[in-house]
file my_file20.cif (mmCIF, C-alpha atoms)
data_entry
#
loop_
_atom_site.label_atom_id
_atom_site.label_comp_id
_atom_site.auth_asym_id
_atom_site.auth_seq_id
_atom_site.Cartn_x
_atom_site.Cartn_y
_atom_site.Cartn_z
CA MET A 1 9.45 6.49 12.19
CA ASP A 2 7.38 9.25 10.66
CA ARG A 3 4.61 8.53 8.13
CA LEU A 4 3.19 10.83 5.47
CA LEU A 5 -0.33 10.11 6.70
CA ASN A 6 0.44 12.16 9.82
CA THR A 7 -0.50 15.28 7.86
CA GLN A 8 -4.04 14.01 7.27
CA LEU A 9 -4.35 12.96 10.90
CA LEU A 10 -3.43 16.48 11.99
CA ASP A 11 -5.97 17.96 9.57
CA TRP A 12 -8.60 15.74 11.17
CA LYS A 13 -7.60 16.87 14.66
CA THR A 14 -7.91 20.56 13.83
CA GLN A 15 -11.51 20.30 12.64
CA PRO A 16 -13.92 21.97 15.11
CA LYS A 17 -16.30 19.04 14.71
CA ARG A 18 -15.24 15.66 13.35
CA LYS A 19 -16.39 12.17 12.54
CA PRO A 20 -14.52 9.25 14.10
CA LEU A 21 -11.43 8.41 12.08
CA LEU A 22 -11.11 4.82 10.83
CA LEU A 23 -7.68 3.67 9.66
CA ASN A 24 -7.72 0.57 7.48
CA GLY A 25 -4.78 -1.48 6.21
CA ALA A 26 -3.12 -4.89 6.11
CA ARG A 27 -1.72 -6.34 9.30
CA GLN A 28 1.65 -5.07 10.49
CA VAL A 29 1.79 -1.97 8.26
CA GLY A 30 2.02 0.26 11.36
CA LYS A 31 -1.58 1.36 12.02
CA SER A 32 -1.45 1.04 15.81
CA TYR A 33 1.97 2.64 16.09
CA LEU A 34 0.95 5.56 13.88
CA ILE A 35 -2.18 6.38 15.87
CA GLU A 36 -0.92 5.63 19.38
CA GLU A 37 2.75 6.63 19.27
CA SER A 38 3.49 8.89 16.32
CA PHE A 39 0.22 10.83 16.32
CA GLY A 40 -1.44 10.22 19.68
CA LYS A 41 1.37 10.74 22.16
CA GLU A 42 2.72 13.66 20.17
CA HIS A 43 -0.52 15.67 19.99
CA PHE A 44 -2.67 14.58 22.94
CA ASN A 45 -2.37 14.53 26.69
CA ARG A 46 -3.28 10.82 26.84
CA VAL A 47 -4.15 7.98 24.49
CA LEU A 48 -6.89 5.75 25.92
CA LYS A 49 -6.59 2.52 24.00
CA LEU A 50 -8.99 -0.41 23.73
CA ASP A 51 -7.32 -3.34 21.92
CA PHE A 52 -10.10 -5.73 20.94
CA LEU A 53 -7.72 -8.35 19.57
CA ALA A 54 -5.53 -8.56 22.67
CA ASN A 55 -8.46 -8.15 25.09
CA PRO A 56 -11.65 -9.74 23.68
CA HIS A 57 -13.51 -9.11 26.94
CA LEU A 58 -13.63 -5.40 26.05
CA ALA A 59 -16.48 -6.21 23.66
CA GLY A 60 -18.65 -6.40 26.75
CA LEU A 61 -18.42 -2.61 27.12
CA PHE A 62 -20.66 -2.29 24.04
CA LYS A 63 -23.05 -5.15 24.73
CA ALA A 64 -25.84 -3.42 26.62
CA SER A 65 -25.97 -0.12 24.73
CA LEU A 66 -24.45 1.72 21.74
CA ASN A 67 -25.24 5.10 23.25
CA PRO A 68 -21.94 7.04 23.40
CA GLN A 69 -22.56 8.27 26.94
CA ASP A 70 -23.10 4.73 28.19
CA ILE A 71 -20.01 3.49 26.33
CA LEU A 72 -17.85 6.31 27.65
CA LEU A 73 -18.97 5.58 31.20
CA ASN A 74 -18.12 1.89 30.72
CA ILE A 75 -14.69 2.82 29.38
CA GLU A 76 -14.00 5.14 32.30
CA LEU A 77 -14.91 2.37 34.73
CA GLU A 78 -12.84 -0.22 32.82
CA LEU A 79 -9.72 1.96 32.56
CA SER A 80 -10.20 3.80 35.87
CA VAL A 81 -9.94 7.20 34.19
CA ASP A 82 -12.00 10.32 33.62
CA ILE A 83 -12.07 11.05 29.90
CA ASN A 84 -11.21 14.63 28.91
CA ALA A 85 -12.82 15.26 25.51
CA ARG A 86 -10.57 18.27 24.88
CA SER A 87 -7.19 16.60 25.40
CA ASP A 88 -7.58 12.80 25.28
CA LEU A 89 -7.51 10.54 22.23
CA LEU A 90 -9.80 7.53 22.42
CA PHE A 91 -8.39 4.67 20.33
CA PHE A 92 -10.33 1.54 19.33
CA ASP A 93 -7.62 -0.81 18.05
CA GLU A 94 -8.49 -3.81 15.83
CA ILE A 95 -12.10 -2.70 15.83
CA GLY A 96 -13.02 -5.43 13.35
CA GLU A 97 -12.83 -7.88 16.24
CA CYS A 98 -15.78 -6.12 17.88
CA PRO A 99 -18.68 -5.47 15.45
CA ALA A 100 -20.63 -3.58 18.13
CA ALA A 101 -17.76 -1.11 18.55
CA LEU A 102 -17.72 -0.58 14.79
CA SER A 103 -21.47 0.05 14.81
CA SER A 104 -21.08 2.53 17.66
CA LEU A 105 -19.01 4.86 15.47
CA LYS A 106 -22.25 5.98 13.77
CA PHE A 107 -23.64 7.20 17.08
CA PHE A 108 -20.37 8.84 18.12
CA ALA A 109 -20.40 10.75 14.82
CA GLU A 110 -23.95 11.97 15.44
CA GLN A 111 -23.82 12.65 19.17
CA ARG A 112 -20.18 13.40 20.06
CA PRO A 113 -18.49 15.22 17.14
CA ASP A 114 -16.35 17.00 19.75
CA LEU A 115 -14.62 13.77 20.75
CA TYR A 116 -11.25 12.68 19.40
CA LEU A 117 -11.97 9.07 18.45
CA CYS A 118 -9.74 6.97 16.21
CA ALA A 119 -10.14 3.32 15.25
CA SER A 120 -8.00 0.91 13.28
CA GLY A 121 -8.65 -2.44 11.67
CA SER A 122 -6.99 -5.06 9.51
CA ASN A 123 -10.08 -6.87 8.28
CA ILE A 124 -12.47 -3.97 7.72
CA GLY A 125 -13.03 -4.84 4.08
CA LEU A 126 -14.15 -8.34 5.03
CA LEU A 127 -16.92 -7.21 7.38
CA ASN A 128 -20.58 -7.43 6.43
CA SER A 129 -21.50 -4.00 7.82
CA PHE A 130 -19.76 -0.64 7.73
CA PRO A 131 -20.84 2.82 9.04
CA VAL A 132 -20.89 4.43 5.58
CA GLY A 133 -20.74 8.21 5.71
CA LYS A 134 -20.25 8.22 9.48
CA VAL A 135 -16.46 7.92 9.62
CA GLU A 136 -13.48 9.58 8.02
CA ALA A 137 -11.79 6.60 6.40
CA LEU A 138 -8.06 6.50 5.67
CA GLU A 139 -5.84 3.70 4.40
CA LEU A 140 -2.30 2.90 5.49
CA PHE A 141 0.00 0.87 3.26
CA PRO A 142 3.54 -0.43 3.70
CA MET A 143 6.00 2.44 3.81
CA SER A 144 6.41 4.10 0.42
CA PHE A 145 9.82 4.80 -1.04
CA GLU A 146 9.62 8.40 0.19
CA GLU A 147 8.97 7.13 3.72
CA PHE A 148 11.88 4.71 3.30
CA VAL A 149 14.13 7.66 2.44
CA MET A 150 12.74 9.51 5.47
CA ALA A 151 13.63 6.52 7.66
CA SER A 152 17.20 6.51 6.33
CA GLY A 153 17.83 9.75 8.20
CA ASN A 154 19.67 11.32 5.24
CA MET A 155 18.02 14.73 5.11
CA LYS A 156 20.04 15.94 2.11
CA ILE A 157 18.91 13.01 -0.01
CA LEU A 158 15.33 13.43 1.22
CA GLU A 159 15.45 17.08 0.16
CA ALA A 160 16.78 16.11 -3.27
CA PHE A 161 14.02 13.50 -3.62
CA ARG A 162 11.25 15.90 -2.64
CA ARG A 163 12.56 18.52 -5.05
CA GLY A 164 12.56 15.94 -7.84
CA LEU A 165 16.21 16.62 -8.67
CA GLN A 166 17.67 14.73 -11.60
CA ILE A 167 21.40 15.09 -11.06
CA GLN A 168 23.89 12.24 -11.05
CA ALA A 169 25.12 12.67 -7.48
CA ALA A 170 21.59 12.51 -6.05
CA HIS A 171 20.64 9.69 -8.41
CA ASN A 172 23.50 7.47 -7.24
CA LYS A 173 22.36 7.76 -3.62
CA LEU A 174 18.66 7.36 -4.40
CA TRP A 175 19.26 4.39 -6.68
CA ASP A 176 21.23 2.66 -3.92
CA LEU A 177 18.34 3.27 -1.56
CA LEU A 178 15.86 1.97 -4.14
CA LEU A 179 17.75 -1.31 -4.47
CA ASP A 180 17.80 -1.58 -0.67
CA TYR A 181 14.07 -0.88 -0.64
CA TYR A 182 13.42 -3.68 -3.12
CA PHE A 183 15.04 -6.09 -0.67
CA VAL A 184 13.73 -4.65 2.61
CA GLY A 185 10.30 -3.55 1.44
CA GLY A 186 8.05 -1.18 3.35
CA MET A 187 6.92 -3.17 6.38
CA PRO A 188 7.82 -0.93 9.35
CA GLU A 189 9.55 -3.63 11.40
CA ALA A 190 11.83 -4.48 8.49
CA VAL A 191 12.58 -0.83 7.72
CA ASN A 192 13.29 -0.04 11.36
CA THR A 193 15.67 -3.01 11.60
CA TRP A 194 17.48 -2.10 8.39
CA PHE A 195 18.21 1.46 9.52
CA ALA A 196 18.82 0.70 13.21
CA ASP A 197 21.66 2.90 14.48
CA GLY A 198 22.22 4.23 10.99
CA GLY A 199 22.64 0.74 9.59
CA LYS A 200 26.05 0.47 11.26
CA LEU A 201 25.27 -1.73 14.24
CA ASN A 202 25.50 -5.04 12.36
CA GLY A 203 27.27 -6.16 9.21
CA ILE A 204 25.40 -6.49 5.94
CA ASN A 205 25.07 -10.27 6.21
CA GLU A 206 23.57 -10.02 9.70
CA ARG A 207 21.15 -7.31 8.62
CA CYS A 208 20.04 -9.34 5.61
CA SER A 209 19.48 -12.34 7.86
CA GLN A 210 17.35 -10.24 10.21
CA ILE A 211 15.24 -8.95 7.33
CA ARG A 212 14.65 -12.46 5.99
CA ALA A 213 13.55 -13.59 9.46
CA ILE A 214 11.12 -10.68 9.73
CA HIS A 215 9.68 -11.43 6.29
CA GLN A 216 9.21 -15.07 7.21
CA ARG A 217 7.38 -14.17 10.43
CA LEU A 218 5.12 -11.79 8.55
CA LEU A 219 4.40 -14.39 5.89
CA SER A 220 3.56 -17.00 8.55
CA GLY A 221 1.21 -14.52 10.21
CA TYR A 222 -0.67 -13.85 6.99
CA LEU A 223 -1.00 -17.55 6.27
CA HIS A 224 -2.45 -18.01 9.77
CA ASP A 225 -4.97 -15.22 9.11
CA PHE A 226 -6.29 -17.03 6.05
CA GLY A 227 -7.67 -19.75 8.28
CA LYS A 228 -8.82 -17.39 11.03
CA TYR A 229 -10.63 -14.82 8.89
CA GLY A 230 -11.35 -16.72 5.69
CA GLY A 231 -14.96 -17.33 6.63
CA LYS A 232 -16.82 -18.99 3.79
CA VAL A 233 -13.79 -18.74 1.49
CA ASN A 234 -11.58 -21.82 1.50
CA ALA A 235 -8.36 -20.92 3.35
CA GLN A 236 -6.31 -23.27 1.16
CA HIS A 237 -7.63 -21.51 -1.95
CA ILE A 238 -6.66 -18.11 -0.50
CA GLU A 239 -3.15 -19.40 0.21
CA ARG A 240 -2.81 -20.91 -3.26
CA VAL A 241 -3.69 -17.62 -4.94
CA PHE A 242 -1.48 -15.64 -2.56
CA ARG A 243 1.55 -17.83 -3.27
CA ASN A 244 0.80 -17.96 -6.98
CA VAL A 245 0.89 -14.20 -7.58
CA PRO A 246 4.72 -13.93 -7.17
CA LEU A 247 5.18 -17.00 -9.36
CA GLN A 248 3.14 -15.52 -12.20
CA LEU A 249 4.89 -12.17 -11.86
CA SER A 250 8.35 -13.78 -12.03
CA LYS A 251 7.60 -15.33 -15.42
CA ASN A 252 7.76 -11.84 -16.95
CA ILE A 253 11.55 -11.53 -16.99
CA ASP A 254 12.08 -8.73 -19.51
CA ALA A 255 8.56 -7.80 -20.56
CA SER A 256 5.44 -6.22 -19.17
CA VAL A 257 3.50 -8.21 -16.61
CA LYS A 258 0.77 -10.21 -18.30
CA ARG A 259 -2.80 -10.58 -17.14
CA TYR A 260 -3.41 -13.05 -14.35
CA ARG A 261 -4.01 -16.63 -15.49
CA PHE A 262 -6.67 -18.55 -13.58
CA SER A 263 -5.81 -22.08 -14.69
CA GLY A 264 -3.22 -24.11 -12.81
CA VAL A 265 -3.57 -22.20 -9.54
CA ILE A 266 -6.07 -24.47 -7.76
CA GLU A 267 -6.71 -28.04 -8.79
CA ARG A 268 -9.82 -28.42 -10.96
CA LYS A 269 -10.34 -24.63 -10.92
CA ARG A 270 -9.78 -22.92 -14.26
CA SER A 271 -11.98 -19.85 -14.60
CA TYR A 272 -12.44 -16.35 -13.23
CA LEU A 273 -15.60 -17.43 -11.37
CA ASP A 274 -13.63 -20.27 -9.73
CA LEU A 275 -10.98 -17.93 -8.29
CA ILE A 276 -12.77 -14.63 -7.77
CA SER A 277 -13.67 -15.35 -4.11
CA PRO A 278 -10.06 -15.82 -2.87
CA ILE A 279 -8.86 -12.97 -5.12
CA GLU A 280 -11.44 -10.57 -3.70
CA TRP A 281 -10.66 -11.75 -0.16
CA LEU A 282 -6.97 -10.94 -0.63
CA GLU A 283 -7.75 -7.60 -2.24
CA LYS A 284 -10.12 -6.59 0.58
CA SER A 285 -7.41 -7.60 3.07
CA LYS A 286 -5.03 -5.19 1.23
CA LEU A 287 -2.55 -8.00 0.48
CA MET A 288 -2.76 -7.64 -3.27
CA SER A 289 -4.04 -5.19 -5.85
CA ARG A 290 -5.33 -5.20 -9.40
CA CYS A 291 -4.33 -3.35 -12.54
CA TYR A 292 -6.80 -3.46 -15.44
CA PRO A 293 -5.40 -3.60 -19.00
CA ILE A 294 -7.41 -1.63 -21.58
CA ASP A 295 -7.33 -2.79 -25.20
CA CYS A 296 -8.73 0.30 -26.93
CA GLU A 297 -8.16 4.04 -26.98
CA PRO A 298 -8.19 5.07 -23.32
CA LYS A 299 -10.52 7.89 -22.37
CA SER A 300 -11.95 9.19 -19.12
CA PRO A 301 -13.43 7.51 -17.17
CA LEU A 302 -11.02 4.59 -17.56
CA SER A 303 -13.31 2.39 -15.48
CA ALA A 304 -15.77 2.34 -18.40
CA TYR A 305 -13.31 0.31 -20.48
CA ARG A 306 -12.18 -2.29 -17.99
CA LYS A 307 -13.19 -5.94 -18.04
CA GLU A 308 -13.82 -7.42 -14.61
CA ASN A 309 -12.21 -10.75 -15.49
CA PHE A 310 -9.15 -9.24 -17.20
CA PHE A 311 -6.52 -7.88 -14.81
CA LYS A 312 -2.98 -8.11 -13.47
CA LEU A 313 -2.32 -8.96 -9.81
CA PHE A 314 0.44 -7.44 -7.70
CA LEU A 315 1.67 -8.09 -4.17
CA PHE A 316 1.24 -5.33 -1.59
CA ASP A 317 4.90 -5.23 -0.46
CA ILE A 318 7.96 -5.44 -2.68
CA GLY A 319 10.13 -6.89 0.09
CA LEU A 320 7.77 -9.79 0.71
CA LEU A 321 7.57 -10.36 -3.05
CA GLY A 322 11.33 -10.83 -3.20
CA HIS A 323 11.27 -13.02 -0.10
CA MET A 324 8.63 -15.33 -1.56
CA LEU A 325 10.74 -15.67 -4.72
CA ASP A 326 13.95 -16.15 -2.68
CA ILE A 327 15.73 -13.18 -4.29
CA SER A 328 18.81 -12.31 -2.24
CA TYR A 329 20.13 -8.85 -1.45
CA GLN A 330 23.11 -9.53 -3.69
CA GLU A 331 20.85 -10.43 -6.60
CA HIS A 332 18.94 -7.17 -6.25
CA ARG A 333 22.17 -5.23 -6.55
CA GLN A 334 23.61 -7.13 -9.50
CA GLN A 335 23.35 -5.73 -13.01
CA SER A 336 21.22 -8.72 -14.01
CA TYR A 337 18.50 -7.11 -11.88
CA GLU A 338 17.76 -4.89 -14.89
CA HIS A 339 15.96 -7.75 -16.56
CA LYS A 340 13.58 -8.37 -13.67
CA GLY A 341 11.07 -5.81 -14.91
CA TYR A 342 8.19 -7.27 -12.90
CA LEU A 343 9.81 -6.01 -9.70
CA ALA A 344 9.89 -2.48 -11.07
CA GLU A 345 6.29 -2.79 -12.24
CA ASN A 346 5.11 -4.07 -8.85
CA PHE A 347 7.00 -1.18 -7.23
CA VAL A 348 5.23 1.40 -9.41
CA GLN A 349 1.86 -0.24 -8.74
CA ASN A 350 2.43 0.05 -4.98
CA GLU A 351 3.62 3.65 -5.22
CA LEU A 352 0.54 4.63 -7.20
CA ARG A 353 -1.75 2.87 -4.77
CA ALA A 354 -0.10 4.53 -1.77
CA SER A 355 -0.57 7.93 -3.42
CA GLY A 356 -4.32 7.32 -3.79
CA CYS A 357 -4.42 6.09 -7.40
CA TYR A 358 -6.48 2.91 -7.33
CA PRO A 359 -7.51 0.90 -9.18
CA THR A 360 -4.76 1.29 -11.74
CA TYR A 361 -4.92 0.75 -15.48
CA SER A 362 -2.58 -0.27 -18.28
CA TRP A 363 -2.80 -0.55 -22.10
CA ASP A 364 -2.57 -3.86 -23.93
CA PHE A 365 -3.07 -4.04 -27.70
CA ARG A 366 -1.80 -6.96 -29.75
CA GLN A 367 1.93 -7.21 -29.03
CA ALA A 368 2.21 -3.74 -27.47
CA GLN A 369 1.86 -3.06 -23.75
CA ILE A 370 2.08 0.13 -21.74
CA GLU A 371 2.55 -0.71 -18.06
CA PHE A 372 0.36 2.08 -16.66
CA LEU A 373 -2.13 4.74 -17.71
CA PHE A 374 -2.17 7.72 -15.37
CA LYS A 375 -5.08 10.16 -15.38
CA THR A 376 -4.41 13.69 -14.14
CA ASP A 377 -6.94 15.78 -12.25
CA ASP A 378 -7.96 17.58 -15.46
CA GLY A 379 -8.64 14.31 -17.27
CA GLU A 380 -5.44 14.00 -19.31
CA ILE A 381 -4.37 10.37 -19.71
CA LEU A 382 -0.62 9.79 -19.77
CA PRO A 383 0.97 6.53 -20.91
CA VAL A 384 3.62 5.45 -18.40
CA GLU A 385 6.31 3.08 -19.67
CA VAL A 386 8.30 1.25 -16.96
CA LYS A 387 11.83 0.05 -17.71
CA SER A 388 13.93 -1.59 -15.01
CA GLY A 389 17.21 -0.77 -16.78
CA LYS A 390 18.75 2.29 -18.38
CA ARG A 391 17.26 1.79 -21.84
CA THR A 392 14.79 4.47 -22.93
CA ARG A 393 13.78 3.03 -26.28
CA ALA A 394 10.26 1.67 -26.08
CA LYS A 395 8.49 0.15 -29.08
CA SER A 396 5.18 -0.08 -27.27
CA LEU A 397 5.25 3.59 -26.32
CA LYS A 398 6.03 4.50 -29.93
CA SER A 399 3.05 2.44 -31.07
CA TYR A 400 0.80 4.15 -28.50
CA VAL A 401 1.96 7.62 -29.59
CA GLU A 402 1.38 6.83 -33.26
CA ARG A 403 -2.17 5.68 -32.52
CA TYR A 404 -3.40 8.28 -30.06
CA GLN A 405 -0.99 11.28 -30.16
CA PRO A 406 -0.98 11.98 -26.39
CA ALA A 407 0.15 15.45 -25.34
CA ARG A 408 2.69 13.94 -22.94
CA THR A 409 4.33 10.61 -22.23
CA VAL A 410 6.26 9.29 -19.25
CA LYS A 411 9.11 6.78 -19.00
CA LEU A 412 10.32 5.48 -15.65
CA ILE A 413 13.80 4.02 -16.05
CA GLY A 414 16.95 2.97 -14.22
CA SER A 415 18.97 6.12 -14.85
CA VAL A 416 18.85 9.80 -13.97
CA GLY A 417 16.41 10.56 -16.82
CA GLY A 418 15.47 13.93 -18.24
CA VAL A 419 12.80 15.74 -20.27
CA GLU A 420 12.63 16.09 -24.04
CA GLN A 421 10.89 19.44 -24.06
CA GLU A 422 9.99 19.55 -27.75
CA ARG A 423 7.71 16.50 -27.41
CA GLN A 424 7.00 16.64 -23.70
CA ASN A 425 8.42 13.16 -23.26
CA ILE A 426 9.11 12.99 -19.54
CA ILE A 427 11.86 10.58 -18.50
CA TRP A 428 12.18 10.01 -14.76
CA PRO A 429 14.15 7.55 -12.66
CA LEU A 430 11.96 4.77 -11.27
CA TYR A 431 11.99 6.05 -7.72
CA TYR A 432 9.92 9.09 -8.76
CA ALA A 433 6.88 6.93 -9.58
CA GLY A 434 4.97 8.45 -6.67
CA ARG A 435 5.47 11.93 -8.19
CA LEU A 436 3.10 11.15 -11.06
CA LYS A 437 0.35 12.77 -9.01
CA THR A 438 2.15 16.12 -9.47
CA LEU A 439 1.73 16.10 -13.27
#
call {"tool": "encode", "arguments": {"input": "my_file20.cif", "output": "structure tokens"}}
result
Amino acid sequence: MDRLLNTQLLDWKTQPKRKPLLLNGARQVGKSYLIEESFGKEHFNRVLKLDFLANPHLAGLFKASLNPQDILLNIELELSVDINARSDLLFFDEIGECPAALSSLKFFAEQRPDLYLCASGSNIGLLNSFPVGKVEALELFPMSFEEFVMASGNMKILEAFRRGLQIQAAHNKLWDLLLDYYFVGGMPEAVNTWFADGGKLNGINERCSQIRAIHQRLLSGYLHDFGKYGGKVNAQHIERVFRNVPLQLSKNIDASVKRYRFSGVIERKRSYLDLISPIEWLEKSKLMSRCYPIDCEPKSPLSAYRKENFFKLFLFDIGLLGHMLDISYQEHRQQSYEHKGYLAENFVQNELRASGCYPTYSWDFRQAQIEFLFKTDDGEILPVEVKSGKRTRAKSLKSYVERYQPARTVKLIGSVGGVEQERQNIIWPLYYAGRLKTL
């Protein structure tokens, strides 16, 4: 399966001199596959991989010296190869398991900028030290909706999506794929299983069963990681917060997601200070993300108006969100889905984050809420109203417009949409959330 990040990897490869590339992301989002298979084997003669999680003894290669020449000699002896700096890709997988290897990236950047060196890690944000300024850092998230469409193999629909077409025939196909995406999510194993042999190998019930099994395995793996990597943070507290996020989201049936409530999550813990450690742990592990509501006129920079203890929390994958709430494939496709606006809001949050917009912001004033505020490159701030159904009427957006007279507004809805040119009110179908960066 192809990933959009391949373009940035190729840009890195073509640089005459380069820093080591460090790919960060939650477990099982496809980091190793992207570097080793999709990118490495396609563009290099060989991929020389050191997996520090599967082979802890490899840490010994960095024990005596962090000098790149010494390390390269040790690697050649360990792998019984002669490294060719012009055609080989050196890959340090799960580098967070070997702090010395992470530290060595600084010296590779300074002494061997000719070398093709990639590293990946799932717990990079939790580490105490990081080679700031000495690596080219990229993040990989669960597959975005565009990547989901790519994986479907339907090139005509992918072309329509990339052109931003708003015609009924294309919308019907894309909306069907969006509802599938809400159930499957963007974890590569789930996506690959869903589209195996064009989705025709097994019946729908069997495919749904396979997806649920994959989600359960992933969930069990994350719960295991809480104990393994929690460190000073109580693993039970991390799990409580992780499981509580879907529950709080699901209480917002036909309204905007409300700010995260700290009370009732962990026994005898009621405040922001009580829960901030597990929340930050989960955010650094890329398993959840924040959106900061602003309660005044939004201006650039939006970060100046945010309150650190006032935020919404979203789960990193829409498929796992549905799994944790036991939402079936049939429920996703029923008309009653329209009223589950929190799913649409979590989807938009993830699309924005995958496109590089993070942290995100929203507007919350009295009884009016705008789900997202999007700032363009020239500083324009657009209110983005998210509606899971076909309705385009939005009282909150009207209130926002009356107060601040924005030059443009955006609505993301459950129909083909359109543009009211006289007021520059942009109305897009939900699946174009990732296209906000083009405005």
call {"tool": "resolve_selection", "arguments": {"input": "my_file20.cif", "expression": "the PyMOL selection byres ((chain A and resi 266) around 12)", "output": "list of chain:residue names"}}
result
A:Asn234, A:Ala235, A:Gln236, A:His237, A:Ile238, A:Glu239, A:Arg240, A:Val241, A:Phe242, A:Arg243, A:Asn244, A:Arg261, A:Phe262, A:Ser263, A:Gly264, A:Val265, A:Glu267, A:Arg268, A:Lys269, A:Arg270, A:Ser271, A:Tyr272, A:Asp274, A:Leu275, A:Ile276, A:Pro278
call {"tool": "residues_around", "arguments": {"input": "my_file20.cif", "residues": "Pro298 in chain A", "least_positions_apart": "4", "cutoff": "12 Å", "atoms": "all atoms listed in the file", "output": "ChimeraX atom specification"}}
result
/A:292-294,302-306,361-365,370,372-375,379-383,400,403-406
call {"tool": "write_last_selection", "arguments": {"input": "my_file20.cif", "atoms": "C-alpha atoms", "output": "mmCIF file, in the frame of the given file"}}
result
data_model
loop_
_atom_site.group_PDB
_atom_site.id
_atom_site.type_symbol
_atom_site.label_atom_id
_atom_site.label_comp_id
_atom_site.auth_asym_id
_atom_site.auth_seq_id
_atom_site.Cartn_x
_atom_site.Cartn_y
_atom_site.Cartn_z
ATOM 1 C CA TYR A 292 -6.800 -3.460 -15.440
ATOM 2 C CA PRO A 293 -5.400 -3.600 -19.000
ATOM 3 C CA ILE A 294 -7.410 -1.630 -21.580
ATOM 4 C CA LEU A 302 -11.020 4.590 -17.560
ATOM 5 C CA SER A 303 -13.310 2.390 -15.480
ATOM 6 C CA ALA A 304 -15.770 2.340 -18.400
ATOM 7 C CA TYR A 305 -13.310 0.310 -20.480
ATOM 8 C CA ARG A 306 -12.180 -2.290 -17.990
ATOM 9 C CA TYR A 361 -4.920 0.750 -15.480
ATOM 10 C CA SER A 362 -2.580 -0.270 -18.280
ATOM 11 C CA TRP A 363 -2.800 -0.550 -22.100
ATOM 12 C CA ASP A 364 -2.570 -3.860 -23.930
ATOM 13 C CA PHE A 365 -3.070 -4.040 -27.700
ATOM 14 C CA ILE A 370 2.080 0.130 -21.740
ATOM 15 C CA PHE A 372 0.360 2.080 -16.660
ATOM 16 C CA LEU A 373 -2.130 4.740 -17.710
ATOM 17 C CA PHE A 374 -2.170 7.720 -15.370
ATOM 18 C CA LYS A 375 -5.080 10.160 -15.380
ATOM 19 C CA GLY A 379 -8.640 14.310 -17.270
ATOM 20 C CA GLU A 380 -5.440 14.000 -19.310
ATOM 21 C CA ILE A 381 -4.370 10.370 -19.710
ATOM 22 C CA LEU A 382 -0.620 9.790 -19.770
ATOM 23 C CA PRO A 383 0.970 6.530 -20.910
ATOM 24 C CA TYR A 400 0.800 4.150 -28.500
ATOM 25 C CA ARG A 403 -2.170 5.680 -32.520
ATOM 26 C CA TYR A 404 -3.400 8.280 -30.060
ATOM 27 C CA GLN A 405 -0.990 11.280 -30.160
ATOM 28 C CA PRO A 406 -0.980 11.980 -26.390
#
call {"tool": "resolve_selection", "arguments": {"input": "my_file20.cif", "expression": "the PyMOL selection byres ((chain A and resi 97-100) around 7)", "output": "PyMOL selection string"}}
result
chain A and resi 52-53+59+62+94-96+101-104
call {"tool": "resolve_selection", "arguments": {"input": "my_file20.cif", "expression": "the PyMOL selection byres ((chain A and resi 18-27) around 8)", "output": "ChimeraX atom specification"}}
result
/A:12-13,15-17,28-31,105,108-109,113-124,134-141,222,285-287
call {"tool": "atom_distance", "arguments": {"input": "my_file20.cif", "atom1": "CA of Leu9 in chain A", "atom2": "CA of Ile35 in chain A"}}
result
8.5 Å
call {"tool": "atom_distance", "arguments": {"input": "my_file20.cif", "atom1": "CA of Ile327 in chain A", "atom2": "CA of Gly389 in chain A"}}
result
17.7 Å
call {"tool": "axis_aligned_box", "arguments": {"input": "my_file20.cif", "around": "range 133-147 of chain A", "padding_each_side": "4 Å", "output": "lines of an AutoDock Vina configuration file"}}
result
center_x = -5.5
center_y = 4.6
center_z = 4.3
size_x = 38.6
size_y = 18.0
size_z = 18.7
call {"tool": "atom_distance", "arguments": {"input": "my_file20.cif", "atom1": "CA of Trp175 in chain A", "atom2": "CA of Leu320 in chain A"}}
result
19.7 Å
call {"tool": "decode", "arguments": {"input": "my_file20.cif", "residues": "range 140-161 of chain A", "atoms": "C-alpha atoms", "output": "PDB file, in the first residue's frame"}}
result
ATOM      1  CA  LEU A 140       3.293   8.939  10.250  1.00  0.00           C
ATOM      2  CA  PHE A 141      -0.346   8.594  11.251  1.00  0.00           C
ATOM      3  CA  PRO A 142      -2.997   5.994  10.487  1.00  0.00           C
ATOM      4  CA  MET A 143      -3.908   6.065   6.813  1.00  0.00           C
ATOM      5  CA  SER A 144      -5.859   9.185   5.894  1.00  0.00           C
ATOM      6  CA  PHE A 145      -9.050   8.993   3.882  1.00  0.00           C
ATOM      7  CA  GLU A 146      -7.118   9.817   0.709  1.00  0.00           C
ATOM      8  CA  GLU A 147      -4.786   6.891   1.398  1.00  0.00           C
ATOM      9  CA  PHE A 148      -7.844   4.716   2.056  1.00  0.00           C
ATOM     10  CA  VAL A 149      -9.187   5.659  -1.381  1.00  0.00           C
ATOM     11  CA  MET A 150      -5.754   4.887  -2.843  1.00  0.00           C
ATOM     12  CA  ALA A 151      -5.868   1.443  -1.213  1.00  0.00           C
ATOM     13  CA  SER A 152      -9.288   0.749  -2.726  1.00  0.00           C
ATOM     14  CA  GLY A 153      -7.657   0.545  -6.145  1.00  0.00           C
ATOM     15  CA  ASN A 154     -10.406   2.617  -7.796  1.00  0.00           C
ATOM     16  CA  MET A 155      -8.330   5.061  -9.821  1.00  0.00           C
ATOM     17  CA  LYS A 156     -11.344   6.921 -11.244  1.00  0.00           C
ATOM     18  CA  ILE A 157     -12.676   7.696  -7.788  1.00  0.00           C
ATOM     19  CA  LEU A 158      -9.188   8.657  -6.590  1.00  0.00           C
ATOM     20  CA  GLU A 159      -8.917  11.080  -9.519  1.00  0.00           C
ATOM     21  CA  ALA A 160     -12.313  12.585  -8.673  1.00  0.00           C
ATOM     22  CA  PHE A 161     -11.262  12.948  -5.028  1.00  0.00           C
TER      23      PHE A 161
END
